[in-house]
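Content type compact mmCIF, C-alpha atoms, from the file structure.txt:
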# COMPACT_ATOMS: atom_id res chain seq x y z
CA MET E 1005 31.69 28.09 -17.82
CA ASP E 1006 29.50 25.01 -18.31
CA PRO E 1007 31.67 21.87 -18.86
CA SER E 1008 29.78 21.01 -22.05
CA LEU E 1009 30.67 24.41 -23.52
CA THR E 1010 34.31 24.12 -22.45
CA ASN E 1011 34.61 20.73 -24.14
CA ALA E 1012 32.83 21.94 -27.28
CA LEU E 1013 35.10 24.98 -27.61
CA ASP E 1014 38.16 22.77 -27.13
CA GLY E 1015 36.91 20.64 -30.03
CA ILE E 1016 36.42 23.72 -32.21
CA ARG E 1017 39.94 24.90 -31.33
CA GLY E 1018 41.35 21.72 -32.82
CA PHE E 1019 39.45 22.29 -36.08
CA LEU E 1020 40.50 25.95 -36.27
CA LEU E 1021 44.18 25.15 -35.82
CA ASP E 1022 44.23 22.44 -38.50
CA ASP E 1023 45.56 24.53 -41.38
CA ALA E 1024 45.43 21.58 -43.76
CA ALA E 1025 41.77 20.72 -43.26
CA LEU E 1026 39.95 23.94 -42.30
CA VAL E 1027 37.86 25.31 -45.16
CA ARG E 1028 36.01 28.06 -43.35
CA ALA E 1029 34.73 28.98 -39.90
CA VAL E 1030 32.14 31.55 -38.82
CA ALA E 1031 31.40 32.87 -35.33
CA SER E 1032 28.27 34.97 -34.81
CA GLY E 1033 25.50 35.89 -32.41
CA ARG E 1034 25.98 36.40 -28.71
CA ARG E 1035 25.40 34.58 -25.47
CA ARG E 1036 22.72 35.68 -23.08
CA GLY E 1037 23.72 38.80 -21.18
CA GLU E 1038 27.04 39.16 -23.01
CA GLN E 1039 28.25 41.01 -26.09
CA PRO E 1040 31.25 40.04 -28.26
CA ARG E 1041 33.42 42.73 -29.82
CA TRP E 1042 32.28 41.76 -33.30
CA ARG E 1043 28.93 41.03 -34.88
CA ARG E 1044 30.44 38.25 -36.97
CA VAL E 1045 33.88 36.76 -37.59
CA GLU E 1046 35.02 34.57 -40.51
CA MET E 1047 38.22 32.53 -40.58
CA ARG E 1048 40.24 30.59 -43.16
CA TYR E 1049 43.87 29.92 -43.98
CA VAL E 1050 45.63 31.74 -46.83
CA ASP E 1051 49.01 31.21 -48.44
CA LEU E 1052 51.15 34.36 -48.61
CA LYS E 1053 54.74 34.84 -49.75
CA ALA E 1054 55.74 34.71 -46.09
CA GLY E 1055 53.92 31.40 -45.57
CA ARG E 1056 50.52 30.16 -44.47
CA ARG E 1057 48.52 32.51 -42.25
CA LEU E 1058 45.17 32.43 -40.48
CA GLN E 1059 43.01 35.12 -42.09
CA VAL E 1060 40.39 36.63 -39.79
CA THR E 1061 37.68 38.93 -41.15
CA ALA E 1062 35.75 40.65 -38.36
CA TYR E 1063 32.54 42.61 -38.98
CA ASP E 1064 31.03 45.38 -36.95
CA GLU E 1065 27.74 47.01 -37.94
CA THR E 1066 29.18 48.84 -40.93
CA GLN E 1067 32.66 47.59 -41.86
CA ALA E 1068 34.82 44.51 -42.30
CA PHE E 1069 38.38 44.30 -40.90
CA THR E 1070 40.75 41.64 -42.27
CA THR E 1071 43.97 40.55 -40.54
CA ASN E 1072 46.45 37.73 -41.25
CA HIS E 1073 48.01 35.95 -38.26
CA GLU E 1074 51.26 34.02 -38.15
CA ASP E 1075 50.48 33.01 -34.55
CA ALA E 1076 47.21 31.24 -35.26
CA ALA E 1077 46.90 29.77 -31.76
CA THR E 1078 46.83 33.18 -30.06
CA ALA E 1079 44.29 34.55 -32.57
CA VAL E 1080 42.07 31.50 -32.17
CA ASP E 1081 42.22 31.60 -28.37
CA ASP E 1082 41.28 35.28 -28.39
CA LEU E 1083 38.22 34.57 -30.57
CA LEU E 1084 37.15 31.53 -28.56
CA ALA E 1085 37.21 33.75 -25.46
CA GLU E 1086 34.63 36.05 -27.05
CA PRO E 1087 31.01 35.28 -26.01
CA PHE E 1088 29.78 34.26 -29.46
CA GLY E 1089 26.52 32.33 -29.45
CA ASN E 1090 27.13 30.30 -32.60
CA TRP E 1091 30.05 28.61 -34.34
CA HIS E 1092 29.89 27.08 -37.81
CA VAL E 1093 33.04 25.22 -38.87
CA GLU E 1094 33.63 23.54 -42.22
CA THR E 1095 36.54 21.21 -42.84
CA ASP E 1096 37.45 19.28 -45.94
CA VAL E 1097 35.36 16.29 -44.81
CA SER E 1098 32.79 17.53 -42.28
CA THR E 1099 30.70 20.39 -40.91
CA TYR E 1100 30.48 21.17 -37.20
CA GLN E 1101 27.94 23.50 -35.58
CA LEU E 1102 27.80 24.78 -32.01
CA ARG E 1103 25.04 26.82 -30.42
CA VAL E 1104 25.16 28.14 -26.87
CA THR E 1105 21.82 27.93 -25.06
CA LYS E 1106 20.49 30.67 -22.80
CA LYS E 1107 21.71 28.58 -19.85
CA GLY E 1108 25.23 28.59 -21.24
CA ARG E 1109 25.25 24.98 -22.38
CA ALA E 1110 26.54 23.71 -25.71
CA LEU E 1111 24.34 22.15 -28.36
CA THR E 1112 26.42 20.59 -31.12
CA HIS E 1113 25.71 19.00 -34.47
CA ALA E 1114 28.20 17.37 -36.82
CA THR E 1115 27.67 16.12 -40.36
CA VAL E 1116 29.97 14.34 -42.81
CA ARG E 1117 30.22 15.77 -46.32
CA THR E 1118 28.35 13.59 -48.78
CA ASP E 1119 29.72 15.36 -51.86
CA GLY E 1120 33.33 14.28 -51.33
CA ALA E 1121 36.20 16.09 -49.71
CA ALA E 1122 36.28 19.85 -50.24
CA ALA E 1123 39.47 21.54 -51.39
CA PRO E 1124 40.17 24.63 -49.22
CA ASP E 1125 40.80 27.86 -51.12
CA ARG E 1126 44.09 29.29 -49.84
CA SER E 1127 44.34 32.19 -52.27
CA HIS E 1128 44.80 35.57 -50.65
CA ASP E 1129 43.24 37.83 -53.27
CA ARG E 1130 39.79 36.63 -54.19
CA ASP E 1131 36.34 37.98 -54.80
CA LYS E 1132 34.06 38.46 -51.83
CA GLU E 1133 32.66 35.10 -50.82
CA ARG E 1134 28.97 34.91 -51.64
CA LEU E 1135 26.53 32.91 -49.54
CA LEU E 1136 25.13 31.28 -52.67
CA ARG E 1137 27.76 30.33 -55.23
CA PRO E 1138 27.14 31.68 -58.76
CA ASP E 1139 26.56 28.21 -60.22
CA HIS E 1140 23.88 27.29 -57.67
CA PRO E 1141 20.86 25.68 -59.42
CA VAL E 1142 18.53 28.31 -57.91
CA LEU E 1143 20.46 31.16 -59.51
CA ARG E 1144 20.48 29.39 -62.86
CA GLU E 1145 16.76 28.73 -62.70
CA LEU E 1146 16.07 32.37 -61.79
CA ASP E 1147 18.20 33.45 -64.78
CA ILE E 1148 20.62 35.32 -62.53
CA SER E 1149 23.38 32.99 -63.74
CA ASP E 1150 23.84 31.48 -67.18
CA ALA E 1151 24.11 27.79 -68.05
CA ALA E 1152 27.85 27.88 -67.32
CA GLY E 1153 27.23 29.11 -63.77
CA LYS E 1154 28.42 32.68 -64.38
CA VAL E 1155 26.39 35.65 -63.15
CA ARG E 1156 24.97 37.51 -66.13
CA PRO E 1157 26.40 41.06 -66.43
CA SER E 1158 22.89 42.53 -66.42
CA ARG E 1159 22.03 40.62 -63.21
CA GLN E 1160 25.00 41.57 -61.04
CA ALA E 1161 22.90 44.01 -59.00
CA LYS E 1162 20.25 41.34 -58.37
CA TYR E 1163 22.95 38.88 -57.31
CA ARG E 1164 24.37 41.42 -54.83
CA GLN E 1165 20.86 42.04 -53.50
CA VAL E 1166 20.33 38.32 -52.93
CA ASP E 1167 23.69 38.03 -51.16
CA GLU E 1168 23.12 41.02 -48.88
CA PHE E 1169 19.65 39.78 -48.02
CA LEU E 1170 21.04 36.39 -47.02
CA ARG E 1171 23.69 38.05 -44.85
CA ALA E 1172 21.03 40.07 -43.05
CA LEU E 1173 18.91 36.94 -42.61
CA ALA E 1174 21.90 34.99 -41.29
CA ALA E 1175 22.69 37.67 -38.72
CA ALA E 1176 19.09 37.79 -37.50
CA LEU E 1177 18.74 34.01 -37.26
CA ASP E 1178 22.09 33.63 -35.49
CA ASP E 1179 21.08 36.35 -33.04
CA ALA E 1180 17.71 34.73 -32.34
CA MET E 1181 19.16 31.23 -31.94
CA SER E 1182 22.06 32.34 -29.74
CA GLY E 1183 19.61 33.98 -27.36
CA GLY E 1184 17.45 30.86 -27.21
CA ARG E 1185 14.52 32.76 -28.71
CA LEU E 1186 14.39 30.65 -31.86
CA ARG E 1187 14.44 26.89 -31.59
CA THR E 1188 16.78 24.70 -33.59
CA PRO E 1189 14.63 23.37 -36.45
CA THR E 1190 14.30 19.69 -37.28
CA THR E 1191 12.86 17.79 -40.21
CA ALA E 1192 9.85 16.96 -38.06
CA ASP E 1193 9.51 20.51 -36.77
CA PRO E 1194 10.93 22.89 -39.40
CA TRP E 1195 10.90 26.65 -39.19
CA GLN E 1196 7.87 28.30 -40.76
CA VAL E 1197 8.90 31.18 -43.02
CA VAL E 1198 6.53 33.49 -44.90
CA ASP E 1199 7.50 35.97 -47.62
CA LEU E 1200 4.76 38.59 -47.85
CA GLY E 1201 4.49 40.21 -51.26
CA CYS E 1202 7.00 37.76 -52.73
CA GLY E 1203 6.59 38.78 -56.40
CA ASN E 1204 8.87 36.59 -58.52
CA ALA E 1205 10.23 35.05 -55.31
CA TYR E 1206 13.94 35.60 -55.92
CA LEU E 1207 14.55 35.99 -52.22
CA THR E 1208 12.12 33.21 -51.24
CA PHE E 1209 14.04 30.70 -53.33
CA ALA E 1210 17.39 32.10 -52.20
CA ALA E 1211 16.40 31.77 -48.53
CA GLN E 1212 15.27 28.18 -49.04
CA ALA E 1213 18.51 27.25 -50.82
CA TRP E 1214 20.70 28.88 -48.19
CA LEU E 1215 18.79 27.31 -45.30
CA ASP E 1216 19.17 23.92 -46.96
CA GLU E 1217 22.92 24.41 -47.26
CA ARG E 1218 23.11 25.22 -43.55
CA ASP E 1219 21.04 22.14 -42.65
CA LEU E 1220 18.27 24.30 -41.19
CA PRO E 1221 14.96 22.65 -42.17
CA ALA E 1222 12.28 25.17 -43.09
CA ARG E 1223 8.95 25.34 -44.85
CA LEU E 1224 8.39 28.54 -46.82
CA VAL E 1225 5.21 30.20 -48.01
CA GLY E 1226 5.27 32.95 -50.60
CA VAL E 1227 2.27 35.30 -50.69
CA ASP E 1228 1.35 37.57 -53.58
CA VAL E 1229 -1.85 39.08 -54.91
CA LYS E 1230 -1.22 37.85 -58.46
CA GLU E 1231 -2.30 34.41 -59.62
CA GLN E 1232 0.31 34.65 -62.37
CA ALA E 1233 3.06 34.96 -59.73
CA ARG E 1234 1.72 31.94 -57.82
CA ARG E 1235 1.60 29.82 -60.95
CA HIS E 1236 5.06 30.88 -62.19
CA ASN E 1237 6.73 30.44 -58.80
CA SER E 1238 5.12 27.05 -58.23
CA GLU E 1239 6.46 25.86 -61.58
CA VAL E 1240 9.96 27.05 -60.65
CA ALA E 1241 9.71 25.22 -57.31
CA GLU E 1242 8.77 21.98 -59.08
CA ARG E 1243 11.67 22.29 -61.53
CA LEU E 1244 14.04 22.81 -58.61
CA GLY E 1245 12.58 19.83 -56.75
CA VAL E 1246 11.59 21.86 -53.69
CA GLY E 1247 7.82 21.89 -54.23
CA GLU E 1248 7.25 20.03 -50.97
CA ARG E 1249 9.07 22.72 -48.96
CA ILE E 1250 7.86 25.88 -50.70
CA GLU E 1251 4.23 26.80 -51.25
CA PHE E 1252 2.90 29.85 -53.09
CA VAL E 1253 -0.53 31.27 -52.42
CA VAL E 1254 -2.63 34.14 -53.71
CA GLY E 1255 -3.64 36.63 -51.07
CA THR E 1256 -3.16 40.07 -49.61
CA ILE E 1257 -0.69 40.75 -46.83
CA ASP E 1258 -3.41 41.76 -44.40
CA GLY E 1259 -5.78 38.96 -45.39
CA VAL E 1260 -3.71 35.81 -45.93
CA THR E 1261 -4.37 32.86 -43.62
CA LEU E 1262 -1.55 30.46 -42.81
CA ALA E 1263 -1.80 26.89 -41.57
CA GLN E 1264 0.79 27.67 -38.87
CA PRO E 1265 2.04 30.98 -37.47
CA PRO E 1266 5.47 31.75 -38.92
CA ASP E 1267 8.75 31.90 -37.05
CA VAL E 1268 10.22 34.24 -39.67
CA VAL E 1269 8.44 36.98 -41.64
CA LEU E 1270 9.96 38.56 -44.75
CA ALA E 1271 8.54 41.62 -46.49
CA LEU E 1272 10.91 43.15 -49.00
CA HIS E 1273 9.97 46.24 -50.97
CA ALA E 1274 6.28 46.13 -50.09
CA CYS E 1275 4.94 49.49 -51.24
CA ASP E 1276 3.94 52.23 -48.79
CA THR E 1277 1.59 50.96 -46.04
CA ALA E 1278 1.87 47.36 -47.27
CA THR E 1279 5.03 47.27 -45.16
CA ASP E 1280 2.92 48.34 -42.16
CA ASP E 1281 0.48 45.53 -42.94
CA ALA E 1282 3.37 43.06 -42.95
CA LEU E 1283 4.83 44.33 -39.68
CA ALA E 1284 1.42 44.22 -38.01
CA ARG E 1285 0.89 40.62 -39.18
CA ALA E 1286 4.33 39.67 -37.85
CA VAL E 1287 3.47 41.12 -34.44
CA ASP E 1288 0.09 39.39 -34.44
CA TRP E 1289 1.75 36.07 -35.30
CA ASP E 1290 4.41 36.57 -32.59
CA ALA E 1291 7.06 35.97 -35.25
CA THR E 1292 10.54 35.68 -33.78
CA VAL E 1293 12.44 37.19 -36.71
CA VAL E 1294 11.25 39.96 -39.05
CA LEU E 1295 13.05 41.40 -42.06
CA ALA E 1296 11.31 44.26 -43.85
CA ALA E 1297 12.76 46.44 -46.58
CA PRO E 1298 10.26 49.28 -47.08
CA CYS E 1299 9.61 50.79 -50.49
CA CYS E 1300 7.83 54.12 -51.00
CA HIS E 1301 6.56 56.17 -48.02
CA HIS E 1302 3.52 58.06 -49.31
CA ASP E 1303 1.45 57.95 -46.11
CA VAL E 1304 3.65 60.09 -43.84
CA ALA E 1305 4.73 62.24 -46.79
CA ALA E 1306 1.07 63.16 -47.37
CA GLN E 1307 0.62 63.99 -43.68
CA LEU E 1308 3.66 66.28 -43.79
CA ARG E 1309 2.35 67.97 -46.92
CA ASN E 1310 -1.09 68.57 -45.42
CA ARG E 1311 -0.11 69.46 -41.85
CA GLY E 1312 3.29 71.07 -42.27
CA ALA E 1313 5.97 70.89 -39.63
CA PRO E 1314 6.25 72.32 -36.14
CA ALA E 1315 8.46 75.36 -35.60
CA PRO E 1316 11.29 75.71 -36.37
CA TYR E 1317 11.30 72.80 -38.87
CA SER E 1318 9.19 74.21 -41.70
CA LEU E 1319 12.24 74.44 -43.97
CA LEU E 1320 12.51 70.65 -43.87
CA VAL E 1321 9.15 70.17 -45.62
CA ARG E 1322 8.97 73.23 -47.88
CA ASP E 1323 10.59 71.49 -50.86
CA GLY E 1324 9.09 68.28 -52.18
CA ILE E 1325 12.31 66.27 -52.45
CA LEU E 1326 13.37 67.14 -48.90
CA ARG E 1327 9.89 66.40 -47.60
CA GLU E 1328 9.97 62.95 -49.21
CA ARG E 1329 13.39 62.15 -47.75
CA LEU E 1330 12.28 63.30 -44.33
CA ALA E 1331 9.13 61.19 -44.66
CA ASP E 1332 11.28 58.13 -45.40
CA THR E 1333 13.33 58.69 -42.27
CA LEU E 1334 10.37 59.48 -40.01
CA THR E 1335 8.33 56.52 -41.25
CA ASP E 1336 11.01 53.93 -40.59
CA ALA E 1337 12.08 55.49 -37.29
CA LEU E 1338 8.47 55.33 -36.07
CA ARG E 1339 8.08 51.75 -37.32
CA ALA E 1340 11.21 50.74 -35.41
CA ALA E 1341 9.94 52.46 -32.25
CA LEU E 1342 6.58 50.70 -32.45
CA LEU E 1343 8.24 47.32 -32.94
CA ARG E 1344 10.45 47.95 -29.93
CA ALA E 1345 7.36 48.75 -27.89
CA GLU E 1346 5.97 45.37 -28.98
CA GLY E 1347 8.98 43.48 -27.62
CA TYR E 1348 11.43 43.44 -30.54
CA ARG E 1349 15.05 44.42 -30.68
CA VAL E 1350 15.31 46.38 -33.94
CA GLU E 1351 18.24 47.38 -36.13
CA VAL E 1352 17.78 49.76 -39.04
CA ILE E 1353 20.56 48.95 -41.49
CA GLU E 1354 21.58 49.45 -45.10
CA PHE E 1355 20.20 46.62 -47.22
CA VAL E 1356 22.26 47.20 -50.37
CA PRO E 1357 24.51 50.16 -51.26
CA SER E 1358 22.58 53.26 -52.32
CA ARG E 1359 24.30 53.25 -55.72
CA HIS E 1360 22.20 50.20 -56.60
CA THR E 1361 18.85 51.42 -55.27
CA PRO E 1362 17.68 54.37 -53.14
CA ARG E 1363 15.27 51.99 -51.36
CA ASN E 1364 18.03 50.37 -49.36
CA THR E 1365 16.84 50.47 -45.75
CA LEU E 1366 16.17 47.22 -43.92
CA LEU E 1367 14.38 46.78 -40.60
CA ARG E 1368 15.85 43.69 -38.94
CA ALA E 1369 13.96 42.69 -35.81
CA VAL E 1370 14.23 39.84 -33.29
CA ARG E 1371 11.57 39.30 -30.64
CA THR E 1372 13.06 39.45 -27.15
CA GLY E 1373 9.93 40.09 -25.11
CA ALA E 1374 11.42 43.21 -23.52
CA SER E 1375 9.06 46.06 -24.38
CA GLY E 1376 10.68 49.32 -25.33
CA VAL E 1377 9.70 52.67 -23.88
CA ARG E 1378 7.26 54.68 -26.00
CA ASP E 1379 7.85 58.10 -24.46
CA GLU E 1380 10.06 59.34 -27.30
CA TYR E 1381 7.67 57.95 -29.90
CA ASP E 1382 4.66 59.62 -28.27
CA GLU E 1383 6.47 62.94 -28.03
CA LEU E 1384 7.59 62.83 -31.68
CA VAL E 1385 4.19 62.03 -33.20
CA ALA E 1386 2.50 64.59 -30.97
CA GLN E 1387 4.93 67.35 -31.94
CA TRP E 1388 4.71 66.59 -35.68
CA HIS E 1389 0.98 65.73 -35.64
CA LEU E 1390 1.56 62.35 -37.26
CA ARG E 1391 -0.45 59.16 -37.13
CA PRO E 1392 1.55 56.23 -38.60
CA LYS E 1393 -0.47 53.50 -40.26
CA LEU E 1394 1.32 50.85 -38.19
CA ALA E 1395 0.05 52.44 -34.99
CA ASP E 1396 -3.55 52.10 -36.22
CA LEU E 1397 -2.99 48.48 -37.23
CA LEU E 1398 -1.42 47.49 -33.92
CA GLU E 1399 -4.32 48.99 -31.97
CA GLN E 1400 -6.93 47.02 -33.93
CA PRO E 1401 -8.21 43.80 -32.35
CA ALA E 1402 -6.11 40.92 -33.63
CA ASP E 1403 -7.74 38.15 -35.67
CA PRO E 1404 -7.60 34.69 -34.09
CA LYS E 1405 -4.20 33.11 -34.76
CA PRO E 1406 -4.18 29.95 -36.88

Do you think you could lay out the structure here as structure tokens?
Amino acid sequence: MDPSLTNALDGIRGFLLDDAALVRAVASGRRRGEQPRWRRVEMRYVDLKAGRRLQVTAYDETQAFTTNHEDAATAVDDLLAEPFGNWHVETDVSTYQLRVTKKGRALTHATVRTDGAAAPDRSHDRDKERLLRPDHPVLRELDISDAAGKVRPSRQAKYRQVDEFLRALAAALDDAMSGGRLRTPTTADPWQVVDLGCGNAYLTFAAQAWLDERDLPARLVGVDVKEQARRHNSEVAERLGVGERIEFVVGTIDGVTLAQPPDVVLALHACDTATDDALARAVDWDATVVLAAPCCHHDVAAQLRNRGAPAPYSLLVRDGILRERLADTLTDALRAALLRAEGYRVEVIEFVPSRHTPRNTLLRAVRTGASGVRDEYDELVAQWHLRPKLADLLEQPADPKP
């Protein structure tokens, strides 16, 4: 192990074992060529009847597992031995960040809290920690929370959507940074983030606020076809004091021109082939991180209706509701395959629980440069006689990059 990484992990160990000062710690991402047992791990100390314990919440792709440890040193050493690519540690007076480069070296950054010492929450039973607190100015301005900083009952679903989106974004960014594929942003060279089809820009503003809280400088551009949306969102940005870091423009997904190619592309609930337009633009821009939550899937559904299904699958498309559900699955599976062929590692995950919205699939992609094999894709589209819109877009000559 590189000496710089050994020393950095020793420093983190001291923070993690300080049960009086530790507020929260998060380990995520992975080092080059290695894979930790967990996608993400969160740590804090809690006070139980039996005494103070280190609480560890470990996440795989679908579940969270929480354990409380009397022997904190053993638990901490076990986690430090995992090949996580990123550590984020908050104490009562400071924040410490560690990123492991692709060469196995440690890049560290420490900041002192400017808002006074934080009081750690040691309660055992508490609501799920949200990435943006309910009283955040952004949530108040967007009318998700009221003037007292409480989430409005009618906006609970929107608040959950914002939180789950930020968790998916955090995982993708941590993955990209831990692999050395996404640079550490600076004030002079911030990340460029574009939200295609931003609408009222709930998630644009949420992303900006969360990135600010993590000290990750970024410049965001929200794109929508409506002038009314541009005007409204720009006014919100000015009221929040972030007008210099967020710009809203009128344009179509396939026609917008940006001053700089983006590092991160967001396209959430773009209807039908607008999602394909967004994915094609992301590929053309060589974006490192892509998050797309598709909406309706009319294009492939129409092809299934007109062309039927190969034997013996005709029963899958005979009834309209089954045909539509199959079209959803086929469309996003083919999109993921095409992105993999373009050099992205792609995860298809649940965005929000289906009880809140049936449109809850999220394509989370990180450019690795390793092209996936298209044999299975070619065989599938040939057997079902399909021609996905994204395939047409990716085969068109790319416009000159800005």

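Checking E:Ala1031, E:Val1293, E:Leu1398, E:Ala1161 one by one against Glu1351 in chain E, counting all atoms listed in the file, you find the shortest gap at E:Val1293.
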
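Relative to CA of Ala1076 in chain E, CA of Arg1034 in chain E is found at 22.8 Å.
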
As a VMD selection string, please: the residues near Leu1343 in chain E (cut-off 12 Å, only C-alpha atoms, same-chain neighbours under 4 positions excluded). chain E and resid 1280 1282 to 1288 1290 to 1296 1336 to 1339 1347 to 1352 1367 to 1378 1381 1394 to 1395 1398

Pick from E:Lys1230, E:Arg1041, E:Arg1171, E:His1140: nearest to Asp1064 in chain E, with all atoms listed in the file counted? E:Arg1041

The distance between CA of Ser1182 in chain E and CA of Gln1101 in chain E is 12.1 Å

I need range 1172-1197 of chain E from the structure I supplied, saved as a PDB file, in the first residue's frame with N, CA and C atoms retained.
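Listing of result_35.pdb after writing:
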ATOM      1  N   ALA E1172     -28.486   8.563  -5.515  1.00  0.00           N
ATOM      2  CA  ALA E1172     -28.012   7.963  -6.767  1.00  0.00           C
ATOM      3  C   ALA E1172     -26.886   8.792  -7.368  1.00  0.00           C
ATOM      4  N   LEU E1173     -27.022  10.120  -7.298  1.00  0.00           N
ATOM      5  CA  LEU E1173     -25.968  11.001  -7.807  1.00  0.00           C
ATOM      6  C   LEU E1173     -24.690  10.824  -6.993  1.00  0.00           C
ATOM      7  N   ALA E1174     -24.824  10.752  -5.673  1.00  0.00           N
ATOM      8  CA  ALA E1174     -23.650  10.578  -4.812  1.00  0.00           C
ATOM      9  C   ALA E1174     -22.908   9.294  -5.146  1.00  0.00           C
ATOM     10  N   ALA E1175     -23.653   8.211  -5.333  1.00  0.00           N
ATOM     11  CA  ALA E1175     -23.017   6.926  -5.644  1.00  0.00           C
ATOM     12  C   ALA E1175     -22.265   6.990  -6.967  1.00  0.00           C
ATOM     13  N   ALA E1176     -22.877   7.628  -7.975  1.00  0.00           N
ATOM     14  CA  ALA E1176     -22.231   7.717  -9.287  1.00  0.00           C
ATOM     15  C   ALA E1176     -20.982   8.587  -9.236  1.00  0.00           C
ATOM     16  N   LEU E1177     -21.067   9.722  -8.550  1.00  0.00           N
ATOM     17  CA  LEU E1177     -19.908  10.614  -8.458  1.00  0.00           C
ATOM     18  C   LEU E1177     -18.783   9.964  -7.656  1.00  0.00           C
ATOM     19  N   ASP E1178     -19.123   9.308  -6.552  1.00  0.00           N
ATOM     20  CA  ASP E1178     -18.096   8.627  -5.764  1.00  0.00           C
ATOM     21  C   ASP E1178     -17.416   7.537  -6.586  1.00  0.00           C
ATOM     22  N   ASP E1179     -18.209   6.811  -7.363  1.00  0.00           N
ATOM     23  CA  ASP E1179     -17.660   5.752  -8.210  1.00  0.00           C
ATOM     24  C   ASP E1179     -16.693   6.350  -9.239  1.00  0.00           C
ATOM     25  N   ALA E1180     -17.143   7.425  -9.895  1.00  0.00           N
ATOM     26  CA  ALA E1180     -16.318   8.030 -10.942  1.00  0.00           C
ATOM     27  C   ALA E1180     -15.042   8.635 -10.378  1.00  0.00           C
ATOM     28  N   MET E1181     -15.133   9.265  -9.202  1.00  0.00           N
ATOM     29  CA  MET E1181     -13.945   9.882  -8.605  1.00  0.00           C
ATOM     30  C   MET E1181     -12.981   8.831  -8.085  1.00  0.00           C
ATOM     31  N   SER E1182     -13.521   7.758  -7.477  1.00  0.00           N
ATOM     32  CA  SER E1182     -12.635   6.739  -6.921  1.00  0.00           C
ATOM     33  C   SER E1182     -11.848   6.032  -8.016  1.00  0.00           C
ATOM     34  N   GLY E1183     -12.417   5.944  -9.200  1.00  0.00           N
ATOM     35  CA  GLY E1183     -11.712   5.318 -10.309  1.00  0.00           C
ATOM     36  C   GLY E1183     -10.820   6.269 -11.081  1.00  0.00           C
ATOM     37  N   GLY E1184     -10.740   7.520 -10.627  1.00  0.00           N
ATOM     38  CA  GLY E1184      -9.908   8.502 -11.309  1.00  0.00           C
ATOM     39  C   GLY E1184     -10.464   8.948 -12.650  1.00  0.00           C
ATOM     40  N   ARG E1185     -11.748   8.667 -12.897  1.00  0.00           N
ATOM     41  CA  ARG E1185     -12.352   9.032 -14.177  1.00  0.00           C
ATOM     42  C   ARG E1185     -12.933  10.436 -14.143  1.00  0.00           C
ATOM     43  N   LEU E1186     -13.192  10.930 -12.949  1.00  0.00           N
ATOM     44  CA  LEU E1186     -13.750  12.261 -12.777  1.00  0.00           C
ATOM     45  C   LEU E1186     -12.824  13.042 -11.875  1.00  0.00           C
ATOM     46  N   ARG E1187     -12.362  14.166 -12.355  1.00  0.00           N
ATOM     47  CA  ARG E1187     -11.401  14.966 -11.605  1.00  0.00           C
ATOM     48  C   ARG E1187     -12.043  15.553 -10.341  1.00  0.00           C
ATOM     49  N   THR E1188     -11.217  15.919  -9.393  1.00  0.00           N
ATOM     50  CA  THR E1188     -11.700  16.659  -8.237  1.00  0.00           C
ATOM     51  C   THR E1188     -11.932  18.102  -8.666  1.00  0.00           C
ATOM     52  N   PRO E1189     -13.129  18.634  -8.506  1.00  0.00           N
ATOM     53  CA  PRO E1189     -13.395  19.998  -8.998  1.00  0.00           C
ATOM     54  C   PRO E1189     -12.784  21.044  -8.085  1.00  0.00           C
ATOM     55  N   THR E1190     -12.503  22.195  -8.656  1.00  0.00           N
ATOM     56  CA  THR E1190     -12.011  23.339  -7.900  1.00  0.00           C
ATOM     57  C   THR E1190     -12.850  24.554  -8.263  1.00  0.00           C
ATOM     58  N   THR E1191     -12.684  25.620  -7.509  1.00  0.00           N
ATOM     59  CA  THR E1191     -13.407  26.852  -7.816  1.00  0.00           C
ATOM     60  C   THR E1191     -13.021  27.362  -9.193  1.00  0.00           C
ATOM     61  N   ALA E1192     -11.755  27.193  -9.550  1.00  0.00           N
ATOM     62  CA  ALA E1192     -11.292  27.650 -10.865  1.00  0.00           C
ATOM     63  C   ALA E1192     -11.705  26.709 -11.981  1.00  0.00           C
ATOM     64  N   ASP E1193     -11.883  25.443 -11.653  1.00  0.00           N
ATOM     65  CA  ASP E1193     -12.258  24.445 -12.656  1.00  0.00           C
ATOM     66  C   ASP E1193     -13.386  23.569 -12.109  1.00  0.00           C
ATOM     67  N   PRO E1194     -14.595  24.129 -12.017  1.00  0.00           N
ATOM     68  CA  PRO E1194     -15.710  23.369 -11.430  1.00  0.00           C
ATOM     69  C   PRO E1194     -16.225  22.313 -12.395  1.00  0.00           C
ATOM     70  N   TRP E1195     -16.962  21.360 -11.848  1.00  0.00           N
ATOM     71  CA  TRP E1195     -17.666  20.425 -12.710  1.00  0.00           C
ATOM     72  C   TRP E1195     -18.719  21.177 -13.521  1.00  0.00           C
ATOM     73  N   GLN E1196     -18.944  20.703 -14.732  1.00  0.00           N
ATOM     74  CA  GLN E1196     -20.024  21.217 -15.573  1.00  0.00           C
ATOM     75  C   GLN E1196     -21.154  20.192 -15.549  1.00  0.00           C
ATOM     76  N   VAL E1197     -22.322  20.616 -15.099  1.00  0.00           N
ATOM     77  CA  VAL E1197     -23.472  19.725 -14.949  1.00  0.00           C
ATOM     78  C   VAL E1197     -24.632  20.290 -15.761  1.00  0.00           C
TER      79      VAL E1197
END
